[in-house]
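my_file_5.cif (mmCIF, C-alpha atoms) appears below.
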```
data_target
loop_
_atom_site.label_atom_id
_atom_site.label_comp_id
_atom_site.auth_asym_id
_atom_site.auth_seq_id
_atom_site.Cartn_x
_atom_site.Cartn_y
_atom_site.Cartn_z
CA MET J 2 0.00 0.00 0.00
CA LEU J 3 2.98 2.30 0.49
CA THR J 4 3.84 1.76 -3.19
CA LEU J 5 0.30 2.72 -4.09
CA ASN J 6 0.63 5.85 -1.97
CA PHE J 7 3.81 6.89 -3.83
CA ILE J 8 2.16 6.22 -7.18
CA LEU J 9 -0.80 8.40 -6.18
CA ALA J 10 1.56 11.21 -5.12
CA LEU J 11 3.40 10.98 -8.46
CA THR J 12 0.10 11.07 -10.37
CA TRP J 13 -0.91 14.19 -8.46
CA MET J 14 2.39 15.87 -9.36
CA VAL J 15 2.03 14.97 -13.04
CA LEU J 16 -1.51 16.33 -13.14
CA GLN J 17 -0.41 19.56 -11.39
CA ARG J 18 2.43 19.91 -13.93
CA SER J 19 4.86 20.96 -11.18
CA PHE J 20 7.44 18.80 -9.44
CA SER J 21 8.21 20.78 -6.27
CA PHE J 22 8.52 19.27 -2.80
CA SER J 23 5.34 20.91 -1.46
CA ASP J 24 3.31 19.38 -4.28
CA PHE J 25 4.72 16.00 -3.33
CA VAL J 26 3.64 16.52 0.29
CA VAL J 27 0.11 17.54 -0.75
CA GLY J 28 -0.20 14.56 -3.11
CA PHE J 29 1.16 12.16 -0.53
CA SER J 30 -1.22 13.30 2.20
CA LEU J 31 -4.22 13.19 -0.18
CA GLY J 32 -3.24 9.66 -1.20
CA PHE J 33 -2.85 8.77 2.47
CA ALA J 34 -6.40 9.99 3.18
CA VAL J 35 -7.84 8.02 0.24
CA ILE J 36 -6.06 4.82 1.26
CA THR J 37 -7.15 5.24 4.88
CA ILE J 38 -10.78 5.50 3.80
CA ALA J 39 -10.60 2.59 1.38
CA GLN J 40 -8.25 0.22 3.22
CA VAL J 41 -10.80 -2.50 3.98
CA ALA J 42 -11.80 -2.89 0.33
CA LEU J 43 -8.15 -2.66 -0.78
CA ARG J 44 -7.04 -5.42 1.57
CA GLU J 45 -9.82 -7.75 0.43
CA GLN J 46 -8.81 -7.12 -3.17
CA LEU J 47 -5.15 -7.85 -2.47
CA LEU J 48 -5.92 -11.07 -0.58
CA GLU J 49 -8.27 -12.16 -3.35
CA THR J 50 -5.61 -11.62 -6.01
CA ALA J 51 -2.94 -13.44 -3.98
CA LYS J 52 -5.20 -16.46 -3.47
CA PHE J 53 -5.52 -17.15 -7.18
CA ARG J 54 -1.94 -16.42 -8.25
CA ARG J 55 -0.53 -19.51 -9.97
CA HIS J 56 3.03 -20.57 -9.34
CA GLN J 57 3.75 -21.77 -12.88
CA ASP J 58 3.23 -18.20 -14.12
CA ILE J 59 6.41 -16.97 -12.42
CA GLY J 60 9.19 -16.40 -14.94
CA ARG J 61 6.87 -16.21 -17.93
CA TYR J 62 6.35 -12.47 -17.95
CA PRO J 63 6.80 -11.94 -21.75
CA LEU J 64 4.17 -14.59 -22.50
CA ILE J 65 1.70 -12.91 -20.13
CA VAL J 66 2.29 -9.50 -21.73
CA TRP J 67 1.72 -11.06 -25.16
CA LYS J 68 -1.56 -12.58 -23.95
CA VAL J 69 -2.73 -9.28 -22.45
CA LEU J 70 -2.04 -7.46 -25.74
CA GLY J 71 -3.94 -10.13 -27.67
CA PHE J 72 -6.81 -9.86 -25.22
CA ILE J 73 -7.03 -6.06 -25.63
CA LEU J 74 -7.08 -6.38 -29.44
CA PHE J 75 -9.75 -9.08 -29.24
CA ALA J 76 -11.85 -6.94 -26.87
CA PHE J 77 -11.73 -3.90 -29.16
CA TRP J 78 -12.56 -6.00 -32.22
CA SER J 79 -15.60 -7.52 -30.47
CA ILE J 80 -16.78 -4.10 -29.25
CA ILE J 81 -16.75 -2.71 -32.79
CA LYS J 82 -18.50 -5.83 -34.11
CA ALA J 83 -21.11 -5.51 -31.34
CA ASN J 84 -21.90 -1.93 -32.30
CA ILE J 85 -22.35 -2.78 -35.97
CA ASP J 86 -24.66 -5.66 -34.95
CA VAL J 87 -26.83 -3.49 -32.70
CA ALA J 88 -26.94 -0.74 -35.33
CA ARG J 89 -28.16 -3.26 -37.91
CA ILE J 90 -30.91 -4.45 -35.57
CA LEU J 91 -31.91 -0.84 -34.79
CA LEU J 92 -32.13 0.24 -38.42
CA ARG J 93 -34.33 -2.66 -39.55
CA PRO J 94 -37.59 -1.27 -40.90
CA ARG J 95 -39.60 -3.90 -38.98
CA LEU J 96 -38.46 -4.64 -35.45
CA ASN J 97 -39.00 -8.39 -35.00
CA ILE J 98 -36.58 -9.29 -32.22
CA ASN J 99 -36.76 -12.14 -29.73
CA PRO J 100 -35.25 -11.08 -26.38
CA GLY J 101 -34.82 -13.30 -23.33
CA ILE J 102 -32.63 -14.11 -20.33
CA ILE J 103 -30.34 -17.16 -20.23
CA ALA J 104 -28.25 -18.60 -17.39
CA VAL J 105 -24.55 -19.22 -18.08
CA PRO J 106 -22.63 -21.54 -15.71
CA LEU J 107 -19.23 -20.08 -14.83
CA ASP J 108 -15.78 -21.66 -14.51
CA VAL J 109 -13.99 -18.43 -13.54
CA ARG J 110 -13.42 -18.22 -9.79
CA SER J 111 -11.56 -14.97 -9.05
CA GLU J 112 -13.51 -11.74 -8.52
CA VAL J 113 -11.39 -9.82 -11.05
CA GLY J 114 -12.05 -12.47 -13.67
CA ILE J 115 -15.80 -12.40 -13.09
CA THR J 116 -15.89 -8.60 -13.27
CA LEU J 117 -13.89 -8.59 -16.49
CA LEU J 118 -16.08 -11.29 -18.05
CA ALA J 119 -19.32 -9.50 -17.07
CA ASN J 120 -18.09 -6.20 -18.50
CA LEU J 121 -16.91 -7.89 -21.69
CA ILE J 122 -20.27 -9.63 -22.12
CA THR J 123 -22.07 -6.31 -21.73
CA LEU J 124 -19.89 -4.66 -24.36
CA THR J 125 -20.17 -7.43 -26.97
CA PRO J 126 -22.85 -8.46 -29.50
CA GLY J 127 -26.43 -8.39 -28.25
CA THR J 128 -25.80 -9.50 -24.65
CA ILE J 129 -25.93 -7.72 -21.26
CA SER J 130 -25.01 -9.41 -17.99
CA ILE J 131 -27.70 -8.63 -15.41
CA ASP J 132 -26.72 -10.36 -12.16
CA ILE J 133 -24.59 -13.10 -10.65
CA SER J 134 -25.81 -15.71 -8.18
CA THR J 135 -24.76 -15.36 -4.53
CA ASN J 136 -22.42 -18.36 -4.64
CA ARG J 137 -20.69 -16.98 -7.77
CA ASP J 138 -21.32 -19.86 -10.15
CA THR J 139 -24.05 -18.66 -12.53
CA LEU J 140 -24.22 -15.49 -14.59
CA TYR J 141 -27.59 -14.30 -15.90
CA VAL J 142 -27.35 -12.73 -19.34
CA HIS J 143 -29.99 -10.80 -21.27
CA CYS J 144 -29.86 -11.26 -25.06
CA ILE J 145 -31.53 -8.97 -27.56
CA ASP J 146 -32.16 -11.63 -30.22
CA ILE J 147 -32.08 -15.32 -29.31
CA GLN J 148 -32.03 -17.81 -32.18
CA ASP J 149 -30.57 -20.79 -30.31
CA ALA J 150 -29.96 -20.50 -26.57
CA ASP J 151 -27.50 -23.42 -26.31
CA ALA J 152 -25.36 -22.18 -29.19
CA LEU J 153 -25.21 -18.73 -27.59
CA ARG J 154 -24.18 -20.22 -24.23
CA ASP J 155 -21.44 -22.24 -25.94
CA ASP J 156 -20.26 -19.17 -27.80
CA ILE J 157 -19.90 -17.15 -24.58
CA LYS J 158 -18.04 -19.97 -22.85
CA GLN J 159 -15.74 -20.75 -25.78
CA SER J 160 -14.75 -17.31 -26.96
CA PHE J 161 -14.88 -15.03 -23.89
CA GLU J 162 -14.52 -17.20 -20.82
CA ARG J 163 -11.58 -19.18 -22.22
CA ARG J 164 -9.63 -15.97 -22.84
CA VAL J 165 -10.48 -14.54 -19.41
CA ILE J 166 -9.43 -17.76 -17.64
CA GLU J 167 -6.02 -17.60 -19.33
CA LEU J 168 -5.39 -14.25 -17.61
CA PHE J 169 -7.35 -14.51 -14.36
CA PRO J 170 -8.26 -18.08 -13.29
CA MET S 9 -7.40 22.50 -42.66
CA THR S 10 -4.43 20.43 -41.56
CA LEU S 11 -4.26 16.65 -41.45
CA THR S 12 -4.64 16.58 -37.66
CA GLU S 13 -7.86 18.52 -37.91
CA TRP S 14 -9.23 16.14 -40.54
CA ILE S 15 -8.42 13.09 -38.38
CA CYS S 16 -9.97 14.80 -35.34
CA PHE S 17 -13.09 15.65 -37.34
CA GLY S 18 -13.40 12.09 -38.69
CA LEU S 19 -13.12 10.47 -35.24
CA CYS S 20 -15.61 12.96 -33.74
CA LEU S 21 -18.01 12.32 -36.64
CA ILE S 22 -17.90 8.55 -36.02
CA GLY S 23 -18.52 9.17 -32.31
CA VAL S 24 -21.47 11.49 -32.91
CA ILE S 25 -23.03 9.04 -35.39
CA PHE S 26 -22.89 6.23 -32.82
CA MET S 27 -24.35 8.50 -30.12
CA LEU S 28 -27.21 9.43 -32.45
CA LEU S 29 -27.78 5.70 -33.01
CA SER S 30 -27.87 5.05 -29.27
CA SER S 31 -30.42 7.75 -28.53
CA PHE S 32 -32.47 6.65 -31.54
CA GLY S 33 -32.41 3.10 -30.14
CA LEU S 34 -33.43 4.38 -26.72
CA LEU S 35 -36.57 5.80 -28.32
CA ARG S 36 -37.34 2.92 -30.67
CA LEU S 37 -36.76 -0.32 -28.73
CA PRO S 38 -39.76 -1.77 -26.91
CA ASP S 39 -38.72 -2.37 -23.27
CA ILE S 40 -36.11 -1.36 -20.67
CA TYR S 41 -33.98 -4.48 -21.10
CA THR S 42 -33.46 -4.00 -24.83
CA ARG S 43 -32.95 -0.26 -24.38
CA GLY S 44 -29.97 -1.09 -22.19
CA HIS S 45 -28.28 -2.60 -25.25
CA ALA S 46 -28.53 0.69 -27.14
CA ALA S 47 -27.32 2.79 -24.19
CA GLY S 48 -24.58 0.45 -22.98
CA LYS S 49 -22.88 -0.35 -26.30
CA ALA S 50 -23.42 2.37 -28.88
CA GLY S 51 -23.06 5.12 -26.27
CA THR S 52 -19.72 3.73 -25.10
CA LEU S 53 -18.22 3.41 -28.59
CA GLY S 54 -19.49 6.89 -29.48
CA ILE S 55 -17.91 8.60 -26.50
CA ILE S 56 -14.63 6.68 -26.98
CA GLY S 57 -14.33 7.78 -30.62
CA LEU S 58 -15.08 11.38 -29.70
CA LEU S 59 -12.56 11.47 -26.85
CA PHE S 60 -9.87 10.01 -29.13
CA GLY S 61 -10.60 12.82 -31.57
CA VAL S 62 -10.27 15.50 -28.88
CA GLY S 63 -7.01 13.98 -27.60
CA ILE S 64 -5.50 13.93 -31.10
CA TYR S 65 -6.48 17.59 -31.66
CA TYR S 66 -4.52 18.79 -28.61
CA GLY S 67 -1.65 16.38 -29.16
CA ASP S 68 0.29 17.16 -25.94
CA ILE S 69 1.14 14.29 -23.64
CA LEU S 70 -0.89 15.50 -20.64
CA THR S 71 -4.19 15.84 -22.51
CA ILE S 72 -3.69 12.47 -24.20
CA ALA S 73 -3.03 10.89 -20.80
CA LYS S 74 -6.22 12.44 -19.41
CA MET S 75 -8.15 11.20 -22.45
CA PHE S 76 -6.81 7.68 -21.96
CA ALA S 77 -7.86 7.83 -18.31
CA LEU S 78 -11.35 8.93 -19.42
CA ILE S 79 -11.58 6.18 -22.06
CA ILE S 80 -10.62 3.49 -19.55
CA PHE S 81 -13.07 5.03 -17.08
CA PHE S 82 -15.91 4.81 -19.61
CA LEU S 83 -14.95 1.26 -20.63
CA VAL S 84 -15.17 0.18 -17.00
CA THR S 85 -18.19 2.15 -15.80
CA SER S 86 -20.72 2.25 -18.63
CA PRO S 87 -21.29 -1.55 -18.72
CA VAL S 88 -21.57 -1.47 -14.93
CA SER S 89 -24.22 1.26 -14.98
CA ALA S 90 -26.17 -0.49 -17.78
CA SER S 91 -26.27 -3.79 -15.93
CA ILE S 92 -27.00 -2.25 -12.51
CA VAL S 93 -29.98 -0.35 -13.97
CA GLU S 94 -31.25 -3.53 -15.66
CA ARG S 95 -30.97 -5.43 -12.40
CA SER S 96 -32.90 -2.74 -10.54
CA ALA S 97 -35.55 -2.96 -13.28
CA PHE S 98 -35.76 -6.73 -12.83
CA VAL S 99 -35.97 -6.50 -9.03
CA THR S 100 -38.82 -3.98 -9.22
CA GLU S 101 -40.58 -6.24 -11.77
CA VAL S 102 -40.70 -4.02 -14.83
CA LYS S 103 -42.50 -5.91 -17.62
CA MET S 104 -40.54 -7.46 -20.47
CA THR S 105 -41.82 -7.17 -24.02
CA PRO S 106 -43.82 -10.34 -24.96
CA SER S 107 -41.67 -12.76 -26.94
CA SER S 108 -40.95 -16.47 -27.13
CA GLY S 109 -37.45 -16.17 -25.67
CA PRO S 110 -36.50 -18.09 -22.52
CA ASN S 111 -36.41 -16.38 -19.12
CA ASP S 112 -34.08 -18.26 -16.79
CA LEU S 113 -33.92 -15.53 -14.14
CA LYS S 114 -37.67 -15.60 -13.41
CA GLY S 115 -38.42 -16.57 -9.80
CA ARG S 116 -34.79 -17.12 -8.82
CA TYR S 117 -34.66 -14.44 -6.11
CA ASP S 118 -35.68 -15.55 -2.58
CA GLU S 119 -37.11 -13.30 0.15
CA GLN S 120 -33.76 -11.96 1.36
CA GLY S 121 -32.88 -10.81 -2.15
CA GLU S 122 -30.30 -13.60 -2.48
CA LEU S 123 -29.97 -15.09 -5.94
CA GLN S 124 -29.79 -18.89 -6.19
CA MET Q 3 -14.64 31.29 -38.61
CA THR Q 4 -12.57 28.60 -40.28
CA LEU Q 5 -13.95 25.51 -41.99
CA PHE Q 6 -12.82 23.33 -39.10
CA GLU Q 7 -14.71 25.39 -36.52
CA LEU Q 8 -17.78 25.33 -38.76
CA LEU Q 9 -17.66 21.52 -39.05
CA MET Q 10 -17.15 21.07 -35.30
CA THR Q 11 -20.07 23.40 -34.58
CA GLY Q 12 -22.17 21.26 -36.92
CA LEU Q 13 -21.19 18.20 -34.88
CA MET Q 14 -22.24 20.06 -31.72
CA VAL Q 15 -25.65 20.70 -33.26
CA LEU Q 16 -25.99 16.98 -34.08
CA THR Q 17 -25.02 16.04 -30.51
CA ALA Q 18 -27.57 18.49 -29.11
CA LEU Q 19 -30.23 16.90 -31.36
CA SER Q 20 -29.28 13.46 -30.06
CA MET Q 21 -29.44 14.80 -26.49
CA ALA Q 22 -32.95 16.11 -27.20
CA LEU Q 23 -34.03 12.59 -28.31
CA THR Q 24 -32.66 11.21 -25.03
CA VAL Q 25 -34.47 13.88 -23.02
CA ILE Q 26 -37.74 12.80 -24.67
CA ARG Q 27 -37.17 9.30 -23.25
CA LEU Q 28 -36.27 10.87 -19.89
CA LEU Q 29 -39.63 12.68 -19.86
CA ILE Q 30 -41.96 9.95 -21.18
CA GLY Q 31 -40.13 6.89 -19.79
CA PRO Q 32 -42.85 4.58 -18.48
CA SER Q 33 -40.82 3.22 -15.54
CA ILE Q 34 -38.22 4.74 -13.23
CA PRO Q 35 -35.32 2.51 -14.46
CA ASP Q 36 -36.04 3.85 -17.97
CA ARG Q 37 -35.44 7.34 -16.66
CA ALA Q 38 -32.24 6.25 -14.88
CA LEU Q 39 -30.90 4.82 -18.14
CA ALA Q 40 -31.84 8.00 -20.00
CA PHE Q 41 -30.12 10.09 -17.30
CA ASP Q 42 -26.93 8.08 -17.79
CA LEU Q 43 -27.04 8.73 -21.54
CA VAL Q 44 -27.76 12.45 -20.96
CA MET Q 45 -24.58 12.69 -18.87
CA VAL Q 46 -22.62 10.95 -21.67
CA HIS Q 47 -23.99 13.53 -24.09
CA ALA Q 48 -22.95 16.32 -21.73
CA VAL Q 49 -19.40 14.95 -21.73
CA ALA Q 50 -19.45 14.81 -25.54
CA LEU Q 51 -20.73 18.39 -25.84
CA MET Q 52 -18.02 19.66 -23.48
CA GLY Q 53 -15.33 17.81 -25.42
CA LEU Q 54 -16.48 19.31 -28.73
CA TYR Q 55 -16.73 22.78 -27.17
CA ALA Q 56 -13.20 22.44 -25.78
CA VAL Q 57 -11.97 21.83 -29.34
CA VAL Q 58 -14.00 24.72 -30.82
CA VAL Q 59 -12.79 27.36 -28.35
CA ASP Q 60 -9.32 25.74 -27.99
CA GLN Q 61 -9.34 25.76 -24.16
CA ASP Q 62 -7.75 22.71 -22.56
CA LEU Q 63 -8.96 23.76 -19.10
CA LEU Q 64 -12.33 22.27 -20.09
CA VAL Q 65 -10.74 18.81 -20.22
CA ASP Q 66 -10.54 18.77 -16.41
CA ALA Q 67 -14.22 19.69 -16.23
CA ILE Q 68 -14.98 16.70 -18.48
CA LEU Q 69 -13.37 14.38 -15.93
CA VAL Q 70 -15.58 15.74 -13.16
CA VAL Q 71 -18.80 15.45 -15.21
CA ALA Q 72 -17.97 11.86 -16.18
CA VAL Q 73 -17.44 10.79 -12.57
CA LEU Q 74 -20.60 12.62 -11.43
CA GLY Q 75 -22.70 10.94 -14.14
CA PHE Q 76 -21.58 7.46 -13.11
CA LEU Q 77 -22.10 8.13 -9.39
CA GLY Q 78 -25.57 9.56 -10.08
CA THR Q 79 -26.64 6.49 -12.06
CA VAL Q 80 -25.37 4.07 -9.41
CA ALA Q 81 -27.09 6.03 -6.63
CA LEU Q 82 -30.38 6.06 -8.59
CA ALA Q 83 -30.20 2.31 -9.25
CA ARG Q 84 -29.49 1.52 -5.58
CA TYR Q 85 -32.39 3.78 -4.58
CA ILE Q 86 -34.79 2.02 -6.98
CA GLU Q 87 -33.71 -1.41 -5.75
CA LYS Q 88 -34.02 -0.71 -2.05
CA GLY Q 89 -37.42 0.95 -2.52
CA GLY Q 90 -36.43 4.15 -0.75
CA ASN Q 91 -36.33 2.82 2.80
#
```
As structure tokens, how would this structure be written, given the file I've shared?
Amino acid sequence: MLTLNFILALTWMVLQRSFSFSDFVVGFSLGFAVITIAQVALREQLLETAKFRRHQDIGRYPLIVWKVLGFILFAFWSIIKANIDVARILLRPRLNINPGIIAVPLDVRSEVGITLLANLITLTPGTISIDISTNRDTLYVHCIDIQDADALRDDIKQSFERRVIELFP
Amino acid sequence: MTLTEWICFGLCLIGVIFMLLSSFGLLRLPDIYTRGHAAGKAGTLGIIGLLFGVGIYYGDILTIAKMFALIIFFLVTSPVSASIVERSAFVTEVKMTPSSGPNDLKGRYDEQGELQ
Amino acid sequence: MTLFELLMTGLMVLTALSMALTVIRLLIGPSIPDRALAFDLVMVHAVALMGLYAVVVDQDLLVDAILVVAVLGFLGTVALARYIEKGGN
């Protein structure tokens, strides 16, 4: 958390565009206040991340960076595809859509992974994640146009969840 | 007009077109759940394109950094606000448009508001 | 007025039109979540208008204001959604 405090102070100095000592003190004390308020949530997050860290990932930093870059490209490509899809549905002269809610069983366990997957599902073609069950194993997803519920479920698990699991188990 | 200004104008134009689409969808789609699709996707892409355009127009490192912070902020928060509004709509039992689609979430909340 | 400023002002007019469409949904929305969603989109449009205006008048001070409006819009939507869910008690 001390590292985080220094990073916050540096960010403050960059945003102020002045690198004097007094600016550092102001930034450091502001960061201190923020961390003091948020320390419970921060500690839970840190413990959560440490619990799911895999030992075989140590020493494979370049591979992980490569995967993250691929993931970002894939996310942007699916966001653009999603928008073109929704635009096509919107501009149809007759609006015959078939919306519904499906349940998707989850294999991701970490909180970061679930958050990332839910956000990605919301940003991609025709699906919005609504809620997650209390024991964190089912995600409820609203779809704007269901042709085949099982195929859609498979698609979400194959294309999105597989990529998220590679980064956050 | 310089090249920078043309690029800025093009990106802003794409952004504004997507935002027009999202507000058009908000008016046209039949129920709250489908309207969330228009607001949560098209709105996000529109604002991202527009902010890229503004960042490129200024071109100094500080403004571009602020724009990147804003873009990441919108990427994280706008799906969250779309899905939290949809959940509040489901909890308060807003009607869905009649269709033959499945509804797996129906009746899954118990009295404490816990989801099975 | 240069051509660039003219084009950007045209974009501002389009954004304002889009904002007006959203405000219609905000006014007629049959349920309260509809209005919350429309409010979120209105805040996004406000951010877009401020960004375009910052380019037209060439003032990068407005960029900081954009940050504040974006955060306020998100917080407002979350607060509204929590309020709807808990039924105001």
* To do: Would you kindly report the residues of chain J within 8 Å of chain S, using all atoms listed in the file, as a PyMOL selection string?
  => chain J and resi 16+80-81+83-84+87-88+91+99-104+120+123-125+127-136+141+143+145+147
* Selection result for the PyMOL selection byres ((chain Q) within 7 of (chain S)) on this file, as a PyMOL selection string -> chain Q and resi 6+13+17+20+23-24+27+35-36+39+43+50+53+57+69+76+79-80+83+86-87
Output the selection as a short mmCIF file (atom, residue, chain, number, x, y, z; two decimals), in the coordinates of the input - C-alpha atoms for each residue.
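out.cif written:
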```cif
data_model
loop_
_atom_site.label_atom_id
_atom_site.label_comp_id
_atom_site.auth_asym_id
_atom_site.auth_seq_id
_atom_site.Cartn_x
_atom_site.Cartn_y
_atom_site.Cartn_z
CA PHE Q 6 -12.82 23.33 -39.10
CA LEU Q 13 -21.19 18.20 -34.88
CA THR Q 17 -25.02 16.04 -30.51
CA SER Q 20 -29.28 13.46 -30.06
CA LEU Q 23 -34.03 12.59 -28.31
CA THR Q 24 -32.66 11.21 -25.03
CA ARG Q 27 -37.17 9.30 -23.25
CA PRO Q 35 -35.32 2.51 -14.46
CA ASP Q 36 -36.04 3.85 -17.97
CA LEU Q 39 -30.90 4.82 -18.14
CA LEU Q 43 -27.04 8.73 -21.54
CA ALA Q 50 -19.45 14.81 -25.54
CA GLY Q 53 -15.33 17.81 -25.42
CA VAL Q 57 -11.97 21.83 -29.34
CA LEU Q 69 -13.37 14.38 -15.93
CA PHE Q 76 -21.58 7.46 -13.11
CA THR Q 79 -26.64 6.49 -12.06
CA VAL Q 80 -25.37 4.07 -9.41
CA ALA Q 83 -30.20 2.31 -9.25
CA ILE Q 86 -34.79 2.02 -6.98
CA GLU Q 87 -33.71 -1.41 -5.75
#
```
* To do: Just give me the gap between CA of Asp155 in chain J and CA of Leu168 in chain J in Å, one decimal is fine.
  => 19.8 Å
* With distances taken over only C-alpha atoms, which of Q:Val73, Q:Ala56, Q:Leu51, Q:Ala81 is nearest to Val15 in chain Q? -> Q:Leu51
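Put simply, the PyMOL selection byres ((chain J and resi 108) around 10) in this file takes in Val105, Pro106, Leu107, Val109, Arg110, Ser111, Gly114, Ile115, Arg137, Asp138, Thr139, Lys158, Glu162, Arg163, Ile166 and Pro170 of chain J.
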* Interatomic distance between CA of Asp146 in chain J and CA of Gln159 in chain J? -> 19.3 Å
* From Q:Val71, Q:Met52, Q:Val44, Q:Leu77, residue lying nearest Ala22 in chain Q [all atoms listed in the file] -> Q:Val44
Let me know the centre plus edge lengths, in Å and rounded to one decimal, of a box with edges along x, y and z that contains all listed atoms of range 14-31 of chain Q and is padded by 6 Å on every side, as lines of an AutoDock Vina configuration file.
```
center_x = -32.1
center_y = 13.8
center_z = -26.9
size_x = 31.7
size_y = 25.8
size_z = 26.3
```
* Asked: Q:Leu82, Q:Val65, Q:Ala40, Q:Leu74: which is nearest chain J, counting all atoms listed in the file?
  ->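 Comparing Q:Leu82, Q:Val65, Q:Ala40, Q:Leu74 against chain J, the winner is Q:Val65.
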* Asked: With distances taken over all atoms listed in the file, which of J:Gln17, J:Ala119, J:Thr4, J:Arg61 is nearest to chain Q?
  ->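 Looking only at the distances to chain Q, the closest residue turns out to be J:Gln17.
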* Asked: If I put a ball of radius 10 Å at (-2.9, 15.5, -6.3) in the file's coordinates, which residues poke into it when counting only C-alpha atoms, written as a PyMOL selection string?
  -> chain J and resi 9-17+24-32
* Gap from CA of Val35 in chain J to CA of Val46 in chain Q - Å, one decimal ->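 Those two atoms sit 26.6 Å apart.
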